[in-house]
$ cat structure.cif   # mmCIF, C-alpha atoms (C1' of nucleotides)
data_model
loop_
_atom_site.label_atom_id
_atom_site.label_comp_id
_atom_site.auth_asym_id
_atom_site.auth_seq_id
_atom_site.Cartn_x
_atom_site.Cartn_y
_atom_site.Cartn_z
CA MET A 1 -25.45 27.80 -16.85
CA ILE A 2 -25.23 24.10 -16.16
CA ILE A 3 -22.36 22.30 -14.45
CA ILE A 4 -21.78 18.59 -14.51
CA THR A 5 -19.07 17.17 -12.32
CA GLY A 6 -18.54 13.98 -10.36
CA GLN A 7 -16.44 10.86 -10.24
CA THR A 8 -14.40 9.66 -13.16
CA ALA A 9 -16.05 7.21 -15.55
CA THR A 10 -19.60 8.12 -14.60
CA GLY A 11 -20.58 9.38 -18.04
CA LYS A 12 -20.43 13.10 -17.47
CA THR A 13 -19.84 13.91 -21.12
CA ASP A 14 -22.78 11.81 -22.27
CA LEU A 15 -25.05 13.63 -19.88
CA GLY A 16 -23.57 16.91 -21.07
CA LEU A 17 -24.40 16.11 -24.67
CA LYS A 18 -27.92 15.16 -23.72
CA LEU A 19 -28.49 18.38 -21.82
CA ALA A 20 -26.85 20.39 -24.59
CA LYS A 21 -29.50 19.17 -26.98
CA GLU A 22 -32.25 19.79 -24.49
CA TYR A 23 -31.21 23.32 -23.56
CA ASN A 24 -29.54 24.52 -26.73
CA GLY A 25 -26.17 24.32 -25.05
CA GLU A 26 -22.47 24.12 -25.72
CA ILE A 27 -20.05 22.13 -23.62
CA ILE A 28 -16.98 23.53 -21.91
CA ASN A 29 -14.44 20.97 -20.80
CA ALA A 30 -13.54 21.27 -17.12
CA ASP A 31 -11.16 18.36 -17.00
CA SER A 32 -7.57 19.29 -16.24
CA ARG A 33 -6.18 16.48 -18.41
CA GLN A 34 -8.28 16.96 -21.50
CA ILE A 35 -6.95 20.50 -21.63
CA TYR A 36 -3.76 18.97 -23.01
CA GLN A 37 -3.13 18.29 -26.67
CA LYS A 38 -2.01 14.81 -27.70
CA LEU A 39 -3.44 13.17 -24.59
CA ASN A 40 -6.34 11.46 -26.25
CA ILE A 41 -6.97 7.81 -25.54
CA ILE A 42 -5.96 7.76 -21.89
CA THR A 43 -7.83 10.94 -21.00
CA GLY A 44 -10.88 9.72 -22.85
CA LYS A 45 -11.32 12.24 -25.63
CA GLU A 46 -13.13 9.65 -27.68
CA LEU A 47 -15.64 12.03 -29.17
CA LYS A 48 -13.11 14.19 -30.96
CA LYS A 49 -11.62 11.29 -32.86
CA ASN A 50 -11.49 12.22 -36.55
CA GLN A 51 -13.16 15.52 -35.79
CA LYS A 52 -11.88 18.84 -36.97
CA PHE A 53 -10.63 21.41 -34.51
CA PHE A 54 -12.08 24.87 -34.99
CA LEU A 55 -9.73 27.51 -33.67
CA TRP A 56 -11.56 30.45 -32.18
CA LYS A 57 -8.67 32.50 -30.90
CA THR A 58 -5.18 32.20 -29.55
CA ILE A 59 -4.18 33.96 -26.37
CA ASN A 60 -0.53 33.69 -25.39
CA HIS A 61 0.19 30.01 -25.88
CA PHE A 62 -3.40 28.98 -25.29
CA GLN A 63 -5.23 27.66 -28.25
CA ILE A 64 -8.93 28.18 -27.67
CA GLY A 65 -11.41 26.46 -29.89
CA PHE A 66 -13.90 23.65 -30.14
CA TYR A 67 -14.73 20.32 -31.68
CA ILE A 68 -18.19 19.53 -32.92
CA PHE A 69 -19.70 16.23 -31.97
CA ASP A 70 -23.23 15.31 -32.88
CA SER A 71 -23.69 18.99 -33.75
CA ILE A 72 -22.72 20.02 -30.22
CA LYS A 73 -19.69 22.21 -29.67
CA ILE A 74 -17.15 21.08 -27.11
CA TRP A 75 -14.78 23.80 -25.98
CA LEU A 76 -11.43 23.78 -24.20
CA TYR A 77 -10.07 20.51 -25.41
CA ASP A 78 -6.44 20.60 -26.58
CA VAL A 79 -5.60 24.04 -25.25
CA ILE A 80 -1.89 23.51 -24.57
CA GLN A 81 1.03 21.17 -25.17
CA PRO A 82 1.73 18.32 -22.72
CA ASN A 83 4.82 20.05 -21.37
CA GLN A 84 3.15 23.38 -20.70
CA TYR A 85 1.95 24.72 -17.38
CA PHE A 86 -1.71 25.18 -16.74
CA SER A 87 -3.65 26.04 -13.63
CA SER A 88 -7.04 26.65 -12.14
CA TYR A 89 -6.38 30.34 -12.62
CA TYR A 90 -5.95 29.98 -16.37
CA PHE A 91 -8.94 27.74 -16.50
CA THR A 92 -11.03 30.42 -14.87
CA GLN A 93 -9.83 32.98 -17.41
CA LEU A 94 -10.48 30.80 -20.40
CA ALA A 95 -13.80 29.53 -19.15
CA ASP A 96 -14.95 33.12 -18.61
CA LEU A 97 -14.15 33.96 -22.21
CA VAL A 98 -15.95 30.95 -23.57
CA VAL A 99 -18.95 31.25 -21.28
CA ASN A 100 -19.43 34.84 -22.41
CA GLU A 101 -19.11 33.86 -26.05
CA ILE A 102 -21.76 31.16 -25.61
CA LYS A 103 -24.09 33.47 -23.75
CA LYS A 104 -23.70 36.08 -26.45
CA GLN A 105 -25.29 33.59 -28.81
CA ASN A 106 -28.13 32.99 -26.38
CA LYS A 107 -27.00 29.48 -25.77
CA THR A 108 -26.48 27.62 -22.51
CA PRO A 109 -22.94 27.04 -21.26
CA ILE A 110 -22.51 23.56 -19.86
CA LEU A 111 -19.31 22.98 -17.92
CA VAL A 112 -18.42 19.31 -17.81
CA GLY A 113 -15.50 17.84 -15.91
CA GLY A 114 -14.24 16.08 -12.85
CA THR A 115 -11.65 18.65 -11.88
CA TYR A 116 -13.57 20.17 -9.02
CA PHE A 117 -10.56 22.28 -8.11
CA TYR A 118 -11.00 24.17 -11.38
CA LEU A 119 -14.73 24.50 -10.94
CA LYS A 120 -14.34 25.78 -7.42
CA HIS A 121 -12.06 28.58 -8.54
CA PHE A 122 -14.21 29.30 -11.53
CA LEU A 123 -17.21 29.74 -9.25
CA CYS A 124 -15.64 31.43 -6.23
CA GLY A 125 -12.42 32.93 -7.53
CA PHE A 126 -9.24 33.60 -5.60
CA ASP A 127 -8.57 35.85 -2.65
CA TYR A 128 -5.25 36.99 -4.00
CA ARG A 129 -3.32 37.12 -7.18
CA VAL A 130 0.21 35.71 -7.21
CA ASN A 131 1.75 34.17 -10.31
CA PRO A 132 3.97 31.13 -10.04
CA ASN A 133 7.61 31.97 -9.52
CA TRP A 134 9.42 29.06 -11.09
CA SER A 135 12.94 29.99 -10.11
CA LEU A 136 11.80 30.32 -6.51
CA ARG A 137 9.95 27.02 -6.69
CA LYS A 138 13.01 25.32 -8.09
CA LYS A 139 15.12 26.61 -5.23
CA LEU A 140 12.57 25.67 -2.61
CA GLU A 141 12.14 22.19 -4.01
CA LYS A 142 15.63 21.37 -2.82
CA LEU A 143 14.75 22.10 0.79
CA THR A 144 13.55 19.54 3.27
CA LEU A 145 10.12 19.68 4.83
CA GLY A 146 11.50 21.17 8.03
CA GLN A 147 13.42 23.84 6.13
CA LEU A 148 10.33 24.80 4.17
CA GLN A 149 8.33 25.12 7.37
CA LYS A 150 11.02 27.33 8.89
CA GLU A 151 11.23 29.42 5.75
CA LEU A 152 7.49 30.00 5.76
CA LEU A 153 7.43 30.90 9.44
CA LYS A 154 10.16 33.45 8.81
CA ILE A 155 8.03 35.20 6.22
CA ASN A 156 4.77 34.84 8.08
CA PRO A 157 4.98 33.97 11.79
CA ASN A 158 1.21 33.57 12.02
CA VAL A 159 0.94 31.12 9.19
CA ARG A 160 0.19 28.18 11.46
CA ASN A 161 -3.23 29.65 12.05
CA GLU A 162 -4.18 29.52 8.42
CA ILE A 163 -2.76 26.18 7.40
CA ASN A 164 -3.98 22.78 8.55
CA SER A 165 -1.74 20.00 9.76
CA SER A 166 -2.02 18.10 6.52
CA ASP A 167 -0.91 21.00 4.36
CA TRP A 168 1.75 21.90 6.91
CA GLN A 169 3.49 18.68 5.93
CA ASN A 170 2.92 19.02 2.21
CA PRO A 171 5.98 20.46 0.44
CA ARG A 172 4.06 21.58 -2.61
CA ARG A 173 1.52 23.51 -0.57
CA LEU A 174 4.26 25.03 1.61
CA ILE A 175 6.14 26.19 -1.45
CA ARG A 176 3.03 27.83 -2.78
CA LYS A 177 2.47 29.59 0.55
CA ILE A 178 6.04 30.86 0.59
CA GLU A 179 5.58 32.04 -2.98
CA VAL A 180 2.44 33.94 -2.02
CA PHE A 181 3.86 35.64 1.05
CA ASN A 182 7.25 36.18 -0.52
CA LYS A 183 5.89 38.42 -3.24
CA LYS A 184 7.15 41.97 -3.00
CA GLY A 185 4.42 44.13 -1.58
CA GLY A 186 2.60 41.11 -0.28
CA LYS A 187 -0.53 39.53 -1.62
CA ILE A 188 -2.62 41.43 -4.10
CA ASN A 189 -6.29 40.95 -3.48
CA SER A 190 -8.40 39.62 -6.28
CA PRO A 191 -11.83 41.05 -6.96
CA PRO A 192 -14.54 39.02 -5.24
CA ARG A 193 -16.31 36.54 -7.41
CA ASN A 194 -19.35 34.40 -6.91
CA LEU A 195 -21.05 32.71 -9.81
CA LYS A 196 -23.13 30.35 -7.76
CA ASN A 197 -26.29 32.29 -8.43
CA GLU A 198 -25.82 31.82 -12.14
CA ILE A 199 -25.97 28.07 -11.96
CA ASP A 200 -29.26 26.56 -13.10
CA GLN A 201 -28.18 22.99 -12.51
CA PHE A 202 -25.14 21.71 -10.61
CA ILE A 203 -25.10 17.98 -11.09
CA GLY A 204 -22.66 15.54 -9.50
CA LEU A 205 -22.47 11.99 -10.76
CA LYS A 206 -21.26 9.19 -8.54
CA PHE A 207 -21.29 5.44 -8.43
CA SER A 208 -23.96 3.72 -6.37
CA SER A 209 -21.41 1.26 -5.03
CA LYS A 210 -17.72 0.59 -4.83
CA GLU A 211 -18.18 -2.63 -6.76
CA LYS A 212 -19.75 -0.81 -9.65
CA LEU A 213 -16.98 1.76 -9.65
CA ILE A 214 -14.29 -0.94 -9.76
CA LYS A 215 -16.01 -2.84 -12.52
CA THR A 216 -16.53 0.23 -14.67
CA ILE A 217 -12.98 1.44 -14.27
CA LYS A 218 -11.54 -1.98 -15.05
CA ASN A 219 -13.56 -2.11 -18.23
CA ARG A 220 -12.56 1.36 -19.23
CA VAL A 221 -8.86 0.72 -18.71
CA ARG A 222 -9.09 -2.49 -20.71
CA LYS A 223 -10.87 -0.64 -23.48
CA ARG A 224 -8.34 2.15 -23.56
CA THR A 225 -5.52 -0.37 -23.67
CA GLU A 226 -7.14 -2.02 -26.66
CA GLN A 227 -7.56 1.37 -28.30
CA GLY A 228 -3.80 1.89 -28.16
CA ALA A 229 -3.02 3.54 -24.85
CA ILE A 230 0.50 2.15 -24.86
CA GLU A 231 1.12 3.35 -28.40
CA GLU A 232 -0.07 6.78 -27.41
CA VAL A 233 2.53 6.96 -24.67
CA LYS A 234 5.28 5.63 -26.95
CA ASP A 235 4.46 8.31 -29.49
CA LEU A 236 4.58 11.04 -26.86
CA LEU A 237 7.99 9.90 -25.68
CA LYS A 238 9.15 9.73 -29.27
CA LEU A 239 8.08 13.33 -29.72
CA GLY A 240 10.39 14.23 -26.85
CA TYR A 241 7.88 14.59 -24.06
CA HIS A 242 9.00 13.46 -20.67
CA GLU A 243 7.38 11.78 -17.71
CA ASN A 244 7.88 14.92 -15.66
CA ASN A 245 5.90 17.10 -18.05
CA PHE A 246 2.77 18.54 -16.52
CA GLY A 247 0.46 16.74 -18.85
CA LEU A 248 2.07 13.38 -18.34
CA LYS A 249 1.76 13.52 -14.58
CA THR A 250 -1.45 11.73 -15.15
CA ILE A 251 -2.88 8.38 -14.20
CA GLY A 252 -2.26 5.91 -16.97
CA TYR A 253 0.68 7.73 -18.49
CA GLN A 254 2.83 7.33 -15.39
CA GLN A 255 2.19 3.62 -15.17
CA ILE A 256 2.72 2.96 -18.86
CA ILE A 257 5.95 4.94 -18.83
CA ALA A 258 7.16 2.79 -15.94
CA TYR A 259 6.37 -0.25 -18.06
CA LEU A 260 8.10 1.12 -21.15
CA LYS A 261 11.17 1.84 -19.05
CA GLY A 262 11.19 -1.76 -17.89
CA LYS A 263 10.47 -0.95 -14.27
CA ILE A 264 7.29 -3.01 -14.14
CA SER A 265 5.55 -5.52 -16.34
CA ARG A 266 2.74 -4.66 -18.67
CA GLU A 267 0.28 -6.45 -16.41
CA GLU A 268 1.52 -4.57 -13.36
CA ALA A 269 1.20 -1.29 -15.21
CA ILE A 270 -2.39 -1.95 -16.11
CA GLU A 271 -3.21 -3.16 -12.63
CA GLN A 272 -1.68 -0.05 -11.06
CA TRP A 273 -3.46 2.15 -13.55
CA VAL A 274 -6.77 0.67 -12.43
CA THR A 275 -5.89 1.06 -8.76
CA LYS A 276 -4.89 4.70 -9.18
CA GLU A 277 -8.13 5.48 -10.98
CA ILE A 278 -10.16 3.91 -8.20
CA GLN A 279 -8.26 5.91 -5.60
CA TYR A 280 -8.73 9.05 -7.64
CA ALA A 281 -12.48 8.53 -7.86
CA LYS A 282 -12.60 8.29 -4.10
CA ARG A 283 -10.60 11.49 -3.65
CA GLN A 284 -12.85 13.32 -6.07
CA LEU A 285 -15.87 12.46 -4.00
CA THR A 286 -14.18 13.40 -0.73
CA PHE A 287 -13.49 16.83 -2.18
CA MET A 288 -16.78 17.41 -3.96
CA LYS A 289 -19.12 16.26 -1.25
CA LYS A 290 -18.22 19.30 0.81
CA ASP A 291 -20.00 21.46 -1.73
CA PRO A 292 -23.66 21.71 -0.69
CA HIS A 293 -24.70 23.10 -4.08
CA ILE A 294 -24.06 19.86 -5.92
CA LYS A 295 -27.13 17.74 -6.57
CA TRP A 296 -25.98 14.15 -6.63
CA LYS A 297 -27.15 11.47 -9.01
CA GLU A 298 -26.12 7.90 -8.56
CA ILE A 299 -25.38 5.73 -11.53
"C1'" G H 300 10.64 -40.98 -1.36
"C1'" C H 301 15.36 -38.33 -0.07
"C1'" C H 302 18.23 -33.61 0.58
"C1'" G H 303 18.05 -28.30 1.06
"C1'" A H 304 15.36 -23.53 1.85
"C1'" G H 305 11.09 -21.47 3.75
"C1'" G H 306 6.07 -20.50 5.94
"C1'" U H 307 5.13 -13.06 9.71
"C1'" A H 308 -1.69 -8.82 7.85
"C1'" G H 309 -4.93 -9.10 0.97
"C1'" C H 310 0.38 -8.79 -1.34
"C1'" C H 311 5.90 -7.87 -0.77
"C1'" A H 312 8.77 -7.96 3.48
"C1'" A H 313 12.50 -6.70 8.32
"C1'" G H 314 13.80 -8.76 12.83
"C1'" G H 315 15.99 -10.95 17.37
"C1'" U H 316 21.48 -14.04 22.76
"C1'" G H 317 13.80 -16.42 23.96
"C1'" G H 318 11.26 -10.99 27.74
"C1'" U H 319 7.69 -3.57 26.36
"C1'" C H 320 2.91 -9.48 21.39
"C1'" A H 321 6.81 -7.27 15.90
"C1'" C H 322 10.47 -2.13 10.99
"C1'" G H 323 8.86 -0.81 6.49
"C1'" G H 324 6.37 -0.58 1.54
"C1'" C H 325 1.90 -1.59 -1.41
"C1'" A H 326 -3.24 -2.32 -0.98
"C1'" C H 327 -7.55 -0.99 2.14
"C1'" G H 328 -10.61 2.78 5.45
"C1'" G H 329 -11.02 8.06 6.73
"C1'" G H 330 -9.34 13.02 5.66
"C1'" U H 331 -6.76 17.76 3.55
"C1'" C H 332 -7.64 21.32 -0.62
"C1'" U H 333 -7.08 29.56 -2.88
"C1'" G H 334 -2.43 29.36 -9.37
"C1'" A H 335 1.14 21.62 -10.78
"C1'" A H 336 -5.18 18.98 -8.71
"C1'" A H 337 -5.87 12.42 -12.96
"C1'" A H 338 -1.19 16.55 -8.67
"C1'" A H 339 0.84 16.82 -3.80
"C1'" C H 340 -0.09 15.47 1.11
"C1'" C H 341 -2.24 13.95 6.26
"C1'" U H 342 -4.32 9.99 9.12
"C1'" G H 343 -6.33 4.99 10.84
"C1'" G H 344 -6.92 -0.36 11.46
"C1'" G H 345 -5.03 -5.17 10.63
"C1'" A H 346 -0.15 -10.30 11.14
"C1'" U H 347 3.87 -14.48 13.56
"C1'" G H 348 0.96 -22.22 9.10
"C1'" U H 349 -1.22 -26.32 12.71
"C1'" C H 350 -0.67 -29.22 17.16
"C1'" G H 351 2.25 -30.41 21.23
"C1'" G H 352 6.82 -29.77 24.35
"C1'" U H 353 10.79 -26.93 27.13
"C1'" U H 354 10.44 -22.29 30.04
"C1'" C H 355 8.28 -17.75 34.90
"C1'" G H 356 7.73 -16.30 29.61
"C1'" A H 357 8.31 -18.33 22.57
"C1'" C H 358 7.12 -15.31 16.71
"C1'" U H 359 12.12 -16.59 18.25
"C1'" C H 360 14.34 -23.19 21.08
"C1'" C H 361 12.73 -28.73 20.36
"C1'" G H 362 9.34 -32.44 18.03
"C1'" A H 363 5.43 -33.94 14.84
"C1'" C H 364 2.23 -32.61 11.08
"C1'" C H 365 0.47 -29.57 6.88
"C1'" C H 366 1.81 -26.42 2.84
"C1'" U H 367 5.27 -23.78 -0.77
"C1'" C H 368 9.87 -23.48 -3.61
"C1'" G H 369 14.52 -25.68 -5.48
"C1'" G H 370 17.61 -30.07 -6.26
"C1'" C H 371 18.11 -35.50 -6.39
"C1'" A H 372 15.58 -39.75 -7.60
#
$ encode --input "structure.cif" --output "structure tokens"
Amino acid sequence: MIIITGQTATGKTDLGLKLAKEYNGEIINADSRQIYQKLNIITGKELKKNQKFFLWKTINHFQIGFYIFDSIKIWLYDVIQPNQYFSSYYFTQLADLVVNEIKKQNKTPILVGGTYFYLKHFLCGFDYRVNPNWSLRKKLEKLTLGQLQKELLKINPNVRNEINSSDWQNPRRLIRKIEVFNKKGGKINSPPRNLKNEIDQFIGLKFSSKEKLIKTIKNRVRKRTEQGAIEEVKDLLKLGYHENNFGLKTIGYQQIIAYLKGKISREEAIEQWVTKEIQYAKRQLTFMKKDPHIKWKEI
RNA sequence: GCCGAGGUAGCCAAGGUGGUCACGGCACGGGUCUGAAAAACCUGGGAUGUCGGUUCGACUCCGACCCUCGGCA
């Protein structure tokens, strides 16, 4: 198994295609945004343009299949609708299915994507198994930070020992903790999981300098704008999708929606889009560099 | 040239009867990370146009100069 991760805009997919040819491989998308249908230009699904989607199987509302580009299969694009929930847990499930299918054919699975959060869970699993409880989340979202902290302490007085000061002030993380400890019967342990030994190559791509990163991202945003990024967003809104949908909580879409609503100018939207991408690339690296298994390549 | 308004960090921007050298936001640096992750958070550093005057003390008052914006010519 090969894994390619790293900063956005470093050419992960290109490297994936190259290695796929070299090792008789098939690519599995590990990008949380490309999982969504209809998010094409802004998430950079250039390769699938005009390509046919081959449906392999449908599980619940997940549509699992692949595109073929340059005779290489790319799996896990377009799995769900932009307004549907997805998570690292589902990713792990789907990736397992596809990895096994690829192995069955004596081919090499190549996971490609910058969502390290997904890869981490895919490789190391979860300690416990608690589904999202949306009605609970909705209720908790109305509470203030202090109320959430109190609520969590009520359920688990020792929680301060297992949560850092950053997460302690993060409503979303607190809600998740409450959700986990609130479950009747407590947490259910998940079976241990460690796929690290199955990795033949774990490659991380990063920019050799900040300047290069900025330049590349600026070019990419300009290109995507020329390819019709704004039209893509207009079409999504026309179809009834909303800025709060899971899939649209994405860099590029948020800024263009603000422009279309008249909150900012077109130029401001593009500028902010670039800035957010640069910040994102930085956060990716901060997260990934803690993983000692990744072998870094500068571009 | 005249009249008016104004010059506070890279950008936007608050303030006060002169007194712990100044609120925020964005950007920038660093970080968090077990089911929303291209998400959601935590944290750090940086400023009073220039020159002079008044005063124990000025970003705040006075003067000159420079610059910006609006109006008149």
$ interface_residues --input "structure.cif" --of "chain A" --to "chain H" --cutoff "10 Å" --atoms "all atoms listed in the file" --output "ChimeraX atom specification"
/A:8,31-34,43,85-91,114-118,120-121,124-132,164-173,176,180,245-253,275-277,280-281,283-284,286-287
$ resolve_selection --input "structure.cif" --expression "the PyMOL selection byres ((chain A and resi 3) around 7)" --output "short mmCIF file (atom, residue, chain, number, x, y, z; two decimals) with C-alpha atoms, keeping the file's coordinate frame"
data_model
loop_
_atom_site.label_atom_id
_atom_site.label_comp_id
_atom_site.auth_asym_id
_atom_site.auth_seq_id
_atom_site.Cartn_x
_atom_site.Cartn_y
_atom_site.Cartn_z
CA MET A 1 -25.45 27.80 -16.85
CA ILE A 2 -25.23 24.10 -16.16
CA ILE A 4 -21.78 18.59 -14.51
CA THR A 5 -19.07 17.17 -12.32
CA ILE A 110 -22.51 23.56 -19.86
CA LEU A 111 -19.31 22.98 -17.92
CA VAL A 112 -18.42 19.31 -17.81
CA GLN A 201 -28.18 22.99 -12.51
CA PHE A 202 -25.14 21.71 -10.61
CA ILE A 203 -25.10 17.98 -11.09
#
$ resolve_selection --input "structure.cif" --expression "the PyMOL selection byres ((chain H and resi 358) around 8)" --output "VMD selection string"
chain H and resid 307 347 357 359
$ atom_distance --input "structure.cif" --atom1 "CA of His61 in chain A" --atom2 "CA of Lys104 in chain A"
24.7 Å
$ atom_distance --input "structure.cif" --atom1 "CA of Ile41 in chain A" --atom2 "CA of Gln227 in chain A"
7.0 Å
$ resolve_selection --input "structure.cif" --expression "the PyMOL selection byres ((chain A and resi 75) around 9)" --output "list of chain:residue names"
A:Glu26, A:Ile27, A:Ile28, A:Asn29, A:Ile64, A:Gly65, A:Phe66, A:Tyr67, A:Ile68, A:Lys73, A:Ile74, A:Leu76, A:Tyr77, A:Asp78, A:Ala95, A:Val98
$ atom_distance --input "structure.cif" --atom1 "CA of Ile188 in chain A" --atom2 "CA of Leu140 in chain A"
21.9 Å
